>>> print(open('coords-v8.tsv').read())   # TSV, C-alpha atoms
chain	number	residue	atom	x	y	z
W	1	MET	CA	52.70	97.42	124.04
W	2	SER	CA	54.28	94.60	122.06
W	3	GLY	CA	52.54	95.88	118.91
W	4	GLU	CA	54.18	99.28	119.29
W	5	ALA	CA	57.59	97.76	119.95
W	6	SER	CA	57.44	95.69	116.76
W	7	VAL	CA	57.15	98.78	114.53
W	8	PRO	CA	60.51	100.53	114.69
W	9	GLN	CA	60.57	104.22	113.91
W	10	ASP	CA	62.66	105.41	111.01
W	11	SER	CA	65.74	107.37	111.99
W	12	GLN	CA	66.93	110.65	110.58
W	13	GLN	CA	69.01	110.40	107.41
W	14	TRP	CA	72.74	110.66	108.16
W	15	THR	CA	74.98	111.97	105.36
W	16	LEU	CA	78.74	112.15	104.82
W	17	ASP	CA	80.29	113.67	101.69
W	18	LEU	CA	83.84	112.70	100.72
W	19	LYS	CA	86.30	113.80	98.08
W	20	ASN	CA	87.80	111.12	95.86
W	21	ASP	CA	90.99	110.74	97.92
W	22	THR	CA	91.85	107.78	100.17
W	23	ARG	CA	92.95	110.21	102.93
W	24	GLU	CA	89.31	111.22	103.20
W	25	MET	CA	88.50	107.70	104.41
W	26	SER	CA	89.69	108.51	107.94
W	27	ARG	CA	86.51	110.64	108.29
W	28	MET	CA	84.25	107.60	108.02
W	29	LEU	CA	84.81	106.03	111.44
W	30	PRO	CA	84.19	109.23	113.49
W	31	TRP	CA	81.00	109.76	111.46
W	32	LEU	CA	79.86	106.21	112.14
W	33	THR	CA	80.80	106.49	115.83
W	34	GLN	CA	78.66	109.60	116.15
W	35	ILE	CA	75.69	107.78	114.58
W	36	SER	CA	76.29	104.77	116.79
W	37	GLU	CA	76.19	106.90	119.95
W	38	THR	CA	73.01	108.71	118.90
W	39	GLU	CA	71.16	105.69	117.53
W	40	SER	CA	72.54	103.05	119.95
W	41	LEU	CA	73.83	100.73	117.23
W	42	SER	CA	75.26	97.37	118.29
W	43	GLU	CA	79.00	96.77	118.15
W	44	GLU	CA	78.47	94.11	115.49
W	45	LEU	CA	76.40	96.39	113.26
W	46	VAL	CA	78.94	99.22	113.55
W	47	HIS	CA	81.72	96.80	112.65
W	48	ASN	CA	79.86	95.50	109.61
W	49	ILE	CA	78.96	98.95	108.28
W	50	ASN	CA	82.52	100.11	108.93
W	51	LEU	CA	83.98	97.20	106.98
W	52	VAL	CA	81.54	97.59	104.07
W	53	LEU	CA	82.44	101.30	103.81
W	54	GLU	CA	86.18	100.56	103.90
W	55	GLU	CA	85.83	98.07	101.06
W	56	LEU	CA	83.45	99.95	98.77
W	57	ILE	CA	84.84	103.46	99.19
W	58	LEU	CA	88.42	102.28	98.64
W	59	ASN	CA	87.31	100.49	95.47
W	60	THR	CA	85.54	103.60	94.21
W	61	ILE	CA	88.43	105.97	94.92
W	62	ARG	CA	91.15	103.64	93.60
W	63	TYR	CA	89.48	102.38	90.47
W	64	GLY	CA	86.73	104.86	89.71
W	65	TYR	CA	88.69	108.10	89.37
W	66	PRO	CA	92.01	109.44	88.11
W	67	LYS	CA	94.41	109.82	91.05
W	68	ILE	CA	94.69	113.20	92.80
W	69	ASP	CA	97.65	114.12	95.00
W	70	ASP	CA	96.62	117.35	96.63
W	71	LEU	CA	93.79	117.06	99.16
W	72	ALA	CA	93.34	120.82	99.15
W	73	ALA	CA	92.99	120.90	95.38
W	74	PRO	CA	89.49	121.61	94.15
W	75	SER	CA	87.78	118.42	93.07
W	76	ASN	CA	84.74	118.27	90.85
W	77	HIS	CA	84.08	114.71	91.99
W	78	TRP	CA	81.97	113.57	94.89
W	79	ILE	CA	81.08	110.50	96.91
W	80	ARG	CA	78.01	110.65	99.17
W	81	ILE	CA	77.37	108.15	101.95
W	82	GLN	CA	73.94	108.00	103.56
W	83	LEU	CA	72.65	105.84	106.38
W	84	GLN	CA	69.12	105.55	107.66
W	85	LEU	CA	67.01	103.14	109.67
W	86	LYS	CA	64.00	102.52	107.46
W	87	ASN	CA	61.25	99.93	107.82
W	88	GLY	CA	63.31	98.03	110.36
W	89	PHE	CA	66.52	97.88	108.30
W	90	TRP	CA	69.61	100.06	108.28
W	91	ASP	CA	70.03	101.16	104.68
W	92	LEU	CA	73.45	102.35	103.59
W	93	GLU	CA	73.55	104.09	100.23
W	94	ILE	CA	76.72	105.13	98.42
W	95	THR	CA	76.36	107.38	95.40
W	96	ASP	CA	79.24	108.70	93.31
W	97	ASP	CA	80.13	110.07	89.90
W	98	ALA	CA	82.97	107.60	89.34
W	99	LYS	CA	83.13	105.56	86.16
W	100	GLU	CA	80.63	102.74	85.91
W	101	PHE	CA	81.52	99.87	88.22
W	102	ASN	CA	79.22	97.13	89.41
W	103	PRO	CA	80.93	95.53	92.41
W	104	LEU	CA	78.45	92.66	92.31
W	105	GLY	CA	80.00	91.48	89.06
W	106	GLN	CA	83.02	90.16	90.96
W	107	ALA	CA	83.17	86.45	91.71
W	108	ALA	CA	83.73	85.17	95.25
W	109	PRO	CA	87.27	83.93	96.03
W	110	THR	CA	87.80	80.25	95.30
W	111	LYS	CA	87.89	78.11	98.42
W	112	THR	CA	91.19	76.39	99.01
W	113	THR	CA	93.34	74.98	101.79
W	114	ARG	CA	96.67	75.65	99.99
W	115	ILE	CA	98.35	79.02	100.39
W	116	GLU	CA	99.83	78.69	96.88
W	117	ASP	CA	96.30	78.59	95.43
W	118	LEU	CA	94.90	81.53	97.40
W	119	LYS	CA	94.66	84.77	95.46
W	120	THR	CA	95.89	87.91	97.20
W	121	GLY	CA	92.80	89.95	96.28
W	122	GLY	CA	89.07	89.74	95.72
W	123	PHE	CA	88.09	89.47	99.39
W	124	GLY	CA	86.44	92.88	99.71
W	125	ILE	CA	83.22	92.39	97.77
W	126	HIS	CA	82.85	88.89	99.18
W	127	LEU	CA	82.97	90.37	102.70
W	128	VAL	CA	80.45	93.06	101.75
W	129	ARG	CA	77.97	90.41	100.59
W	130	LYS	CA	78.49	88.16	103.60
W	131	LEU	CA	78.25	90.88	106.25
W	132	SER	CA	75.09	92.53	104.90
W	133	HIS	CA	71.48	91.48	104.38
W	134	SER	CA	71.42	92.48	100.71
W	135	VAL	CA	73.36	94.54	98.17
W	136	LYS	CA	72.00	96.24	95.04
W	137	TYR	CA	73.73	98.23	92.33
W	138	LEU	CA	72.23	100.71	89.90
W	139	ARG	CA	73.79	102.95	87.23
W	140	GLU	CA	71.66	105.94	86.26
W	141	ASN	CA	72.39	109.46	84.96
W	142	ASP	CA	76.17	108.84	85.01
W	143	THR	CA	75.90	108.00	88.71
W	144	ASN	CA	76.68	104.77	90.58
W	145	TYR	CA	74.23	103.79	93.31
W	146	ILE	CA	75.11	101.00	95.73
W	147	MET	CA	72.44	100.14	98.27
W	148	ILE	CA	73.48	97.91	101.16
W	149	ARG	CA	70.87	96.77	103.65
W	150	PHE	CA	71.69	95.59	107.18
W	151	SER	CA	69.40	93.82	109.60
W	152	GLN	CA	68.73	95.92	112.70
W	153	LYS	CA	70.69	94.42	115.59
O	1	MET	CA	98.56	100.59	115.02
O	2	LYS	CA	101.46	98.88	116.77
O	3	PHE	CA	103.84	96.32	115.30
O	4	GLY	CA	106.00	94.37	117.76
O	5	VAL	CA	108.68	91.84	116.81
O	6	ASP	CA	110.00	89.07	119.10
O	7	GLU	CA	112.60	86.53	118.09
O	8	LEU	CA	111.15	83.51	119.92
O	9	SER	CA	113.90	81.13	118.80
O	10	SER	CA	116.46	80.66	116.07
O	11	THR	CA	113.68	79.46	113.78
O	12	VAL	CA	110.56	81.39	114.87
O	13	THR	CA	109.70	85.10	114.86
O	14	LYS	CA	106.55	86.48	116.48
O	15	VAL	CA	104.89	89.63	115.19
O	16	THR	CA	102.35	91.23	117.52
O	17	LEU	CA	99.84	93.53	115.85
O	18	SER	CA	97.40	95.84	117.57
O	19	GLY	CA	94.78	98.32	116.40
O	20	ARG	CA	93.26	98.47	112.95
O	21	LEU	CA	94.46	96.72	109.78
O	22	ASP	CA	92.80	99.11	107.36
O	23	MET	CA	93.56	101.55	104.55
O	24	ASP	CA	95.12	104.10	106.90
O	25	HIS	CA	97.75	101.64	108.14
O	26	SER	CA	98.23	99.33	105.18
O	27	GLU	CA	101.37	100.89	103.75
O	28	GLU	CA	103.26	100.83	107.05
O	29	ILE	CA	102.20	97.26	107.84
O	30	ASP	CA	103.03	96.05	104.32
O	31	GLU	CA	106.56	97.44	104.63
O	32	ARG	CA	107.15	95.90	108.06
O	33	PHE	CA	105.91	92.49	106.95
O	34	ALA	CA	107.99	92.65	103.77
O	35	GLU	CA	111.16	93.41	105.79
O	36	ILE	CA	110.57	90.39	108.00
O	37	THR	CA	109.39	87.81	105.48
O	38	GLU	CA	111.90	88.64	102.76
O	39	ASN	CA	114.99	88.65	104.96
O	40	SER	CA	114.51	86.37	107.93
O	41	ALA	CA	113.80	82.90	106.51
O	42	LYS	CA	112.08	81.98	109.77
O	43	HIS	CA	108.61	80.74	110.62
O	44	LEU	CA	106.24	83.52	111.63
O	45	ILE	CA	103.61	83.58	114.37
O	46	VAL	CA	101.30	86.58	114.00
O	47	ASP	CA	99.64	87.49	117.29
O	48	MET	CA	96.25	88.99	116.33
O	49	SER	CA	94.76	89.21	119.83
O	50	GLU	CA	94.94	93.01	119.98
O	51	VAL	CA	93.72	93.63	116.42
O	52	LYS	CA	90.33	95.35	116.62
O	53	PHE	CA	89.49	95.53	112.91
O	54	ILE	CA	90.68	93.96	109.67
O	55	ALA	CA	89.65	94.96	106.13
O	56	SER	CA	90.54	93.15	102.89
O	57	ILE	CA	93.63	95.32	102.52
O	58	GLY	CA	94.95	93.81	105.79
O	59	ILE	CA	93.99	90.31	104.65
O	60	ARG	CA	95.98	90.90	101.48
O	61	THR	CA	99.07	91.72	103.58
O	62	LEU	CA	98.74	88.48	105.56
O	63	VAL	CA	98.23	86.38	102.41
O	64	THR	CA	101.15	88.00	100.56
O	65	SER	CA	103.45	87.40	103.54
O	66	ALA	CA	102.30	83.80	103.96
O	67	LYS	CA	103.01	83.18	100.26
O	68	THR	CA	106.51	84.69	100.54
O	69	LEU	CA	107.24	82.47	103.55
O	70	LYS	CA	105.90	79.38	101.79
O	71	LYS	CA	108.36	79.93	98.94
O	72	GLN	CA	111.12	79.81	101.55
O	73	GLY	CA	109.70	76.61	103.03
O	74	LYS	CA	108.45	78.51	106.09
O	75	LYS	CA	105.01	78.74	107.69
O	76	MET	CA	102.80	81.51	109.00
O	77	LEU	CA	100.48	80.83	111.93
O	78	LEU	CA	97.88	83.14	113.44
O	79	LEU	CA	97.46	83.50	117.18
O	80	ARG	CA	94.19	84.36	118.96
O	81	PRO	CA	92.22	86.51	116.50
O	82	GLN	CA	89.25	87.96	118.41
O	83	GLY	CA	85.51	88.22	117.68
O	84	SER	CA	84.79	90.14	114.50
O	85	VAL	CA	88.38	89.78	113.24
O	86	GLU	CA	88.18	85.99	113.45
O	87	LYS	CA	84.79	86.06	111.73
O	88	VAL	CA	86.17	88.16	108.85
O	89	LEU	CA	89.19	85.84	108.46
O	90	ASP	CA	86.79	82.86	108.40
O	91	ILE	CA	84.49	84.40	105.78
O	92	ALA	CA	87.46	85.30	103.58
O	93	GLY	CA	88.66	81.68	103.75
O	94	ILE	CA	91.95	82.60	105.42
O	95	THR	CA	91.59	80.35	108.46
O	96	ALA	CA	91.33	77.35	106.10
O	97	VAL	CA	94.78	78.20	104.72
O	98	ILE	CA	96.71	79.88	107.54
O	99	PRO	CA	96.29	77.83	110.75
O	100	VAL	CA	94.92	79.57	113.84
O	101	PHE	CA	96.05	78.75	117.38
O	102	GLY	CA	94.66	79.77	120.76
O	103	GLU	CA	97.98	79.43	122.63
O	104	GLU	CA	101.51	80.42	121.72
O	105	ALA	CA	102.85	77.10	123.10
O	106	SER	CA	100.68	75.05	120.74
O	107	ALA	CA	101.63	77.27	117.80
O	108	LEU	CA	105.31	76.78	118.65
O	109	SER	CA	104.98	73.01	118.92
O	110	GLU	CA	103.36	73.00	115.45
O	111	LEU	CA	106.54	74.59	114.10
O	112	GLU	CA	109.01	72.25	115.80
>>> encode(input="coords-v8.tsv", output="structure tokens")
Amino acid sequence: MSGEASVPQDSQQWTLDLKNDTREMSRMLPWLTQISETESLSEELVHNINLVLEELILNTIRYGYPKIDDLAAPSNHWIRIQLQLKNGFWDLEITDDAKEFNPLGQAAPTKTTRIEDLKTGGFGIHLVRKLSHSVKYLRENDTNYIMIRFSQK
Amino acid sequence: MKFGVDELSSTVTKVTLSGRLDMDHSEEIDERFAEITENSAKHLIVDMSEVKFIASIGIRTLVTSAKTLKKQGKKMLLLRPQGSVEKVLDIAGITAVIPVFGEEASALSELE
């Protein structure tokens, strides 16, 4: 019995496609909530995936594409988010056709105890690293791939 | 997202936030904080106890406001951040810079 329990089954692959507009980001939490209810994810895991998505998708939309104002306007751009339990880990993969951007190239914020010395930005990628098991970035065929792995909790 | 303002004394304002400090609410929260920190010249206690989620965009708002207050010789204190919100503030290094209190009374005595 214990042998069976130690080999978790892979889940189905969950997919969400977004346009490159920050207003599309409000679709991420309902998507994640639906997965959480079906797959019985822990509150902590849902929080961490939610935060990682907020940080990385905002970065991609803000800095990876020219701005668009009309959500109904046809967009040739795409951002695909996929989540799957595989080999005992929850693997989140973000693929997009934004300009090349390796989020792992950003340095962590400098530690300080003085408000004057604290920078107002640069927290996002630091949080992504700290709240996940591992993060990888790949650029191939004019596509960005970010793979974020979470421990199953 | 709710944003409540209480004038606790002639020198201290309390802002009570609830809900999510994320992309969807950042513009509104930024504006409300800017109104308070740029005009009041008072210390600010930010009650975080009802905040369920904070992303870096919300952290940026807190840091910007704390910097504005510092220039006026005023302080920002955080009150009762919960669970994952406190963890995120810790990881980002915010709790090392903006003091966190468990009780309003102790936060107030810090400002007296």
>>> closest_residue(input="coords-v8.tsv", among="W:Leu29, W:Ile115, W:Ile94, W:Ile81", to="chain O", atoms="all atoms listed in the file")
W:Ile115
>>> closest_residue(input="coords-v8.tsv", among="W:Leu45, W:Ile57, W:Met147, W:Leu127", to="Ile59 in chain O", atoms="all atoms listed in the file")
W:Leu127
>>> closest_atom_pairs(input="coords-v8.tsv", of="chain O", to="chain W", cutoff="7 Å", atoms="all atoms listed in the file", output="Markdown table")
| residue | atom | partner | partner_atom | distance |
| --- | --- | --- | --- | --- |
| O:Ala55 | CA | W:Leu51 | CA | 6.2 |
| O:Ser56 | CA | W:Gly124 | CA | 5.2 |
| O:Arg60 | CA | W:Thr120 | CA | 5.2 |
| O:Val63 | CA | W:Thr120 | CA | 5.9 |
| O:Thr64 | CA | W:Thr120 | CA | 6.2 |
| O:Lys67 | CA | W:Ile115 | CA | 6.2 |
| O:Ile91 | CA | W:Leu127 | CA | 6.9 |
| O:Ala92 | CA | W:Phe123 | CA | 5.9 |
| O:Gly93 | CA | W:Lys111 | CA | 6.5 |
| O:Ala96 | CA | W:Thr113 | CA | 5.3 |
| O:Val97 | CA | W:Thr113 | CA | 4.6 |
>>> axis_aligned_box(input="coords-v8.tsv", around="range 42-46 of chain O", padding_each_side="5 Å", output="lines of an AutoDock Vina configuration file")
center_x = 106.7
center_y = 83.7
center_z = 112.1
size_x = 20.8
size_y = 15.8
size_z = 14.6
>>> closest_residue(input="coords-v8.tsv", among="W:Gln12, W:Thr95, W:Ser40, W:Asn87", to="Lys136 in chain W", atoms="all atoms listed in the file")
W:Thr95
>>> residues_around(input="coords-v8.tsv", residues="Arg27 in chain W", least_positions_apart="6", cutoff="10 Å", atoms="all atoms listed in the file", output="list in words")
Leu16, Asp17 and Leu18 of chain W
>>> atom_distance(input="coords-v8.tsv", atom1="CA of Pro8 in chain W", atom2="CA of Leu32 in chain W")
20.3 Å
>>> residues_around(input="coords-v8.tsv", residues="Leu17 in chain O", least_positions_apart="3", cutoff="9 Å", atoms="all atoms listed in the file", output="ChimeraX atom specification")
/O:1-4,20-21,46-51
>>> closest_residue(input="coords-v8.tsv", among="W:Gln152, W:Asn20, W:Asn59, W:Gln13", to="Ile35 in chain W", atoms="all atoms listed in the file")
W:Gln13
>>> residues_near_point(input="coords-v8.tsv", point="(98.3, 83.2, 120.7)", cutoff="7 Å", atoms="all atoms listed in the file", output="JSON, numbers by chain")
{"O": [47, 79, 80, 101, 102, 103, 104]}
>>> residues_around(input="coords-v8.tsv", residues="Phe89 in chain W", least_positions_apart="3", cutoff="12 Å", atoms="only C-alpha atoms", output="PyMOL selection string")
chain W and resi 7-11+41+45+83-86+92+132-134+147-153
>>> closest_residue(input="coords-v8.tsv", among="O:Thr61, O:Gln82, O:Ser109, O:Thr95", to="His25 in chain O", atoms="all atoms listed in the file")
O:Thr61
>>> atom_distance(input="coords-v8.tsv", atom1="CA of Thr38 in chain W", atom2="CA of Tyr137 in chain W")
28.6 Å
>>> residues_around(input="coords-v8.tsv", residues="range 74-76 of chain O", least_positions_apart="3", cutoff="10 Å", atoms="only C-alpha atoms", output="PyMOL selection string")
(chain W and resi 115) or (chain O and resi 11-14+37+41-46+62-63+65-71+79+97-100+107+110-111)
>>> write_last_selection(input="coords-v8.tsv", atoms="C-alpha atoms", output="short mmCIF file (atom, residue, chain, number, x, y, z; two decimals), in the coordinates of the input")
data_model
loop_
_atom_site.label_atom_id
_atom_site.label_comp_id
_atom_site.auth_asym_id
_atom_site.auth_seq_id
_atom_site.Cartn_x
_atom_site.Cartn_y
_atom_site.Cartn_z
CA ILE W 115 98.35 79.02 100.39
CA THR O 11 113.68 79.46 113.78
CA VAL O 12 110.56 81.39 114.87
CA THR O 13 109.70 85.10 114.86
CA LYS O 14 106.55 86.48 116.48
CA THR O 37 109.39 87.81 105.48
CA ALA O 41 113.80 82.90 106.51
CA LYS O 42 112.08 81.98 109.77
CA HIS O 43 108.61 80.74 110.62
CA LEU O 44 106.24 83.52 111.63
CA ILE O 45 103.61 83.58 114.37
CA VAL O 46 101.30 86.58 114.00
CA LEU O 62 98.74 88.48 105.56
CA VAL O 63 98.23 86.38 102.41
CA SER O 65 103.45 87.40 103.54
CA ALA O 66 102.30 83.80 103.96
CA LYS O 67 103.01 83.18 100.26
CA THR O 68 106.51 84.69 100.54
CA LEU O 69 107.24 82.47 103.55
CA LYS O 70 105.90 79.38 101.79
CA LYS O 71 108.36 79.93 98.94
CA LEU O 79 97.46 83.50 117.18
CA VAL O 97 94.78 78.20 104.72
CA ILE O 98 96.71 79.88 107.54
CA PRO O 99 96.29 77.83 110.75
CA VAL O 100 94.92 79.57 113.84
CA ALA O 107 101.63 77.27 117.80
CA GLU O 110 103.36 73.00 115.45
CA LEU O 111 106.54 74.59 114.10
#
>>> atom_distance(input="coords-v8.tsv", atom1="CA of Lys99 in chain W", atom2="CA of Gly64 in chain W")
5.1 Å
>>> closest_residue(input="coords-v8.tsv", among="O:Gly58, O:Ile36, O:Asp22, O:Glu31", to="Leu89 in chain O", atoms="only C-alpha atoms")
O:Gly58
>>> residues_near_point(input="coords-v8.tsv", point="(82.0, 109.7, 88.4)", cutoff="7 Å", atoms="all atoms listed in the file", output="PyMOL selection string")
chain W and resi 64-65+77+96-99+142-143
>>> build_atoms(input="coords-v8.tsv", residues="range 30-64 of chain W", atoms="N, CA and C atoms", output="CSV table (one decimal), keeping the file's coordinate frame")
chain,number,residue,atom,x,y,z
W,30,PRO,N,84.8,108.3,112.6
W,30,PRO,CA,84.2,109.2,113.5
W,30,PRO,C,82.7,109.5,113.2
W,31,TRP,N,82.4,109.6,111.9
W,31,TRP,CA,81.0,109.8,111.5
W,31,TRP,C,80.1,108.6,112.0
W,32,LEU,N,80.6,107.4,111.7
W,32,LEU,CA,79.9,106.2,112.1
W,32,LEU,C,79.7,106.1,113.7
W,33,THR,N,80.8,106.5,114.4
W,33,THR,CA,80.8,106.5,115.8
W,33,THR,C,79.7,107.5,116.4
W,34,GLN,N,79.7,108.6,115.7
W,34,GLN,CA,78.7,109.6,116.2
W,34,GLN,C,77.2,109.0,116.0
W,35,ILE,N,77.0,108.4,114.8
W,35,ILE,CA,75.7,107.8,114.6
W,35,ILE,C,75.4,106.7,115.6
W,36,SER,N,76.4,105.9,115.9
W,36,SER,CA,76.3,104.8,116.8
W,36,SER,C,75.9,105.3,118.2
W,37,GLU,N,76.5,106.4,118.6
W,37,GLU,CA,76.2,106.9,120.0
W,37,GLU,C,74.8,107.5,120.0
W,38,THR,N,74.4,108.1,118.9
W,38,THR,CA,73.0,108.7,118.9
W,38,THR,C,71.9,107.7,118.7
W,39,GLU,N,72.2,106.7,117.9
W,39,GLU,CA,71.2,105.7,117.5
W,39,GLU,C,71.3,104.4,118.3
W,40,SER,N,72.3,104.3,119.2
W,40,SER,CA,72.5,103.0,120.0
W,40,SER,C,72.7,101.8,119.1
W,41,LEU,N,73.6,101.9,118.1
W,41,LEU,CA,73.8,100.7,117.2
W,41,LEU,C,74.7,99.7,118.0
W,42,SER,N,74.5,98.4,117.6
W,42,SER,CA,75.3,97.4,118.3
W,42,SER,C,76.7,97.4,117.8
W,43,GLU,N,77.6,96.8,118.6
W,43,GLU,CA,79.0,96.8,118.2
W,43,GLU,C,79.2,96.0,116.8
W,44,GLU,N,78.4,94.9,116.7
W,44,GLU,CA,78.5,94.1,115.5
W,44,GLU,C,78.0,94.9,114.2
W,45,LEU,N,76.9,95.6,114.4
W,45,LEU,CA,76.4,96.4,113.3
W,45,LEU,C,77.4,97.5,112.9
W,46,VAL,N,78.0,98.2,113.8
W,46,VAL,CA,78.9,99.2,113.6
W,46,VAL,C,80.1,98.6,112.8
W,47,HIS,N,80.6,97.5,113.3
W,47,HIS,CA,81.7,96.8,112.6
W,47,HIS,C,81.4,96.5,111.2
W,48,ASN,N,80.2,95.9,111.0
W,48,ASN,CA,79.9,95.5,109.6
W,48,ASN,C,79.7,96.7,108.7
W,49,ILE,N,79.1,97.8,109.1
W,49,ILE,CA,79.0,99.0,108.3
W,49,ILE,C,80.3,99.5,108.0
W,50,ASN,N,81.2,99.6,109.0
W,50,ASN,CA,82.5,100.1,108.9
W,50,ASN,C,83.3,99.3,107.9
W,51,LEU,N,83.2,98.0,107.9
W,51,LEU,CA,84.0,97.2,107.0
W,51,LEU,C,83.5,97.4,105.5
W,52,VAL,N,82.1,97.4,105.4
W,52,VAL,CA,81.5,97.6,104.1
W,52,VAL,C,82.0,98.9,103.5
W,53,LEU,N,82.0,100.0,104.3
W,53,LEU,CA,82.4,101.3,103.8
W,53,LEU,C,83.9,101.3,103.4
W,54,GLU,N,84.8,100.7,104.2
W,54,GLU,CA,86.2,100.6,103.9
W,54,GLU,C,86.4,99.9,102.5
W,55,GLU,N,85.6,98.8,102.3
W,55,GLU,CA,85.8,98.1,101.1
W,55,GLU,C,85.3,98.8,99.8
W,56,LEU,N,84.1,99.3,100.0
W,56,LEU,CA,83.4,100.0,98.8
W,56,LEU,C,84.0,101.3,98.4
W,57,ILE,N,84.3,102.1,99.5
W,57,ILE,CA,84.8,103.5,99.2
W,57,ILE,C,86.3,103.4,98.6
W,58,LEU,N,87.1,102.4,99.2
W,58,LEU,CA,88.4,102.3,98.6
W,58,LEU,C,88.4,101.9,97.2
W,59,ASN,N,87.5,100.9,96.9
W,59,ASN,CA,87.3,100.5,95.5
W,59,ASN,C,87.0,101.7,94.6
W,60,THR,N,86.0,102.5,95.0
W,60,THR,CA,85.5,103.6,94.2
W,60,THR,C,86.7,104.6,94.0
W,61,ILE,N,87.4,105.0,95.1
W,61,ILE,CA,88.4,106.0,94.9
W,61,ILE,C,89.6,105.4,94.1
W,62,ARG,N,90.0,104.2,94.3
W,62,ARG,CA,91.2,103.6,93.6
W,62,ARG,C,90.9,103.4,92.1
W,63,TYR,N,89.7,102.8,91.8
W,63,TYR,CA,89.5,102.4,90.5
W,63,TYR,C,88.5,103.2,89.7
W,64,GLY,N,87.8,104.1,90.4
W,64,GLY,CA,86.7,104.9,89.7
W,64,GLY,C,87.2,106.2,89.2
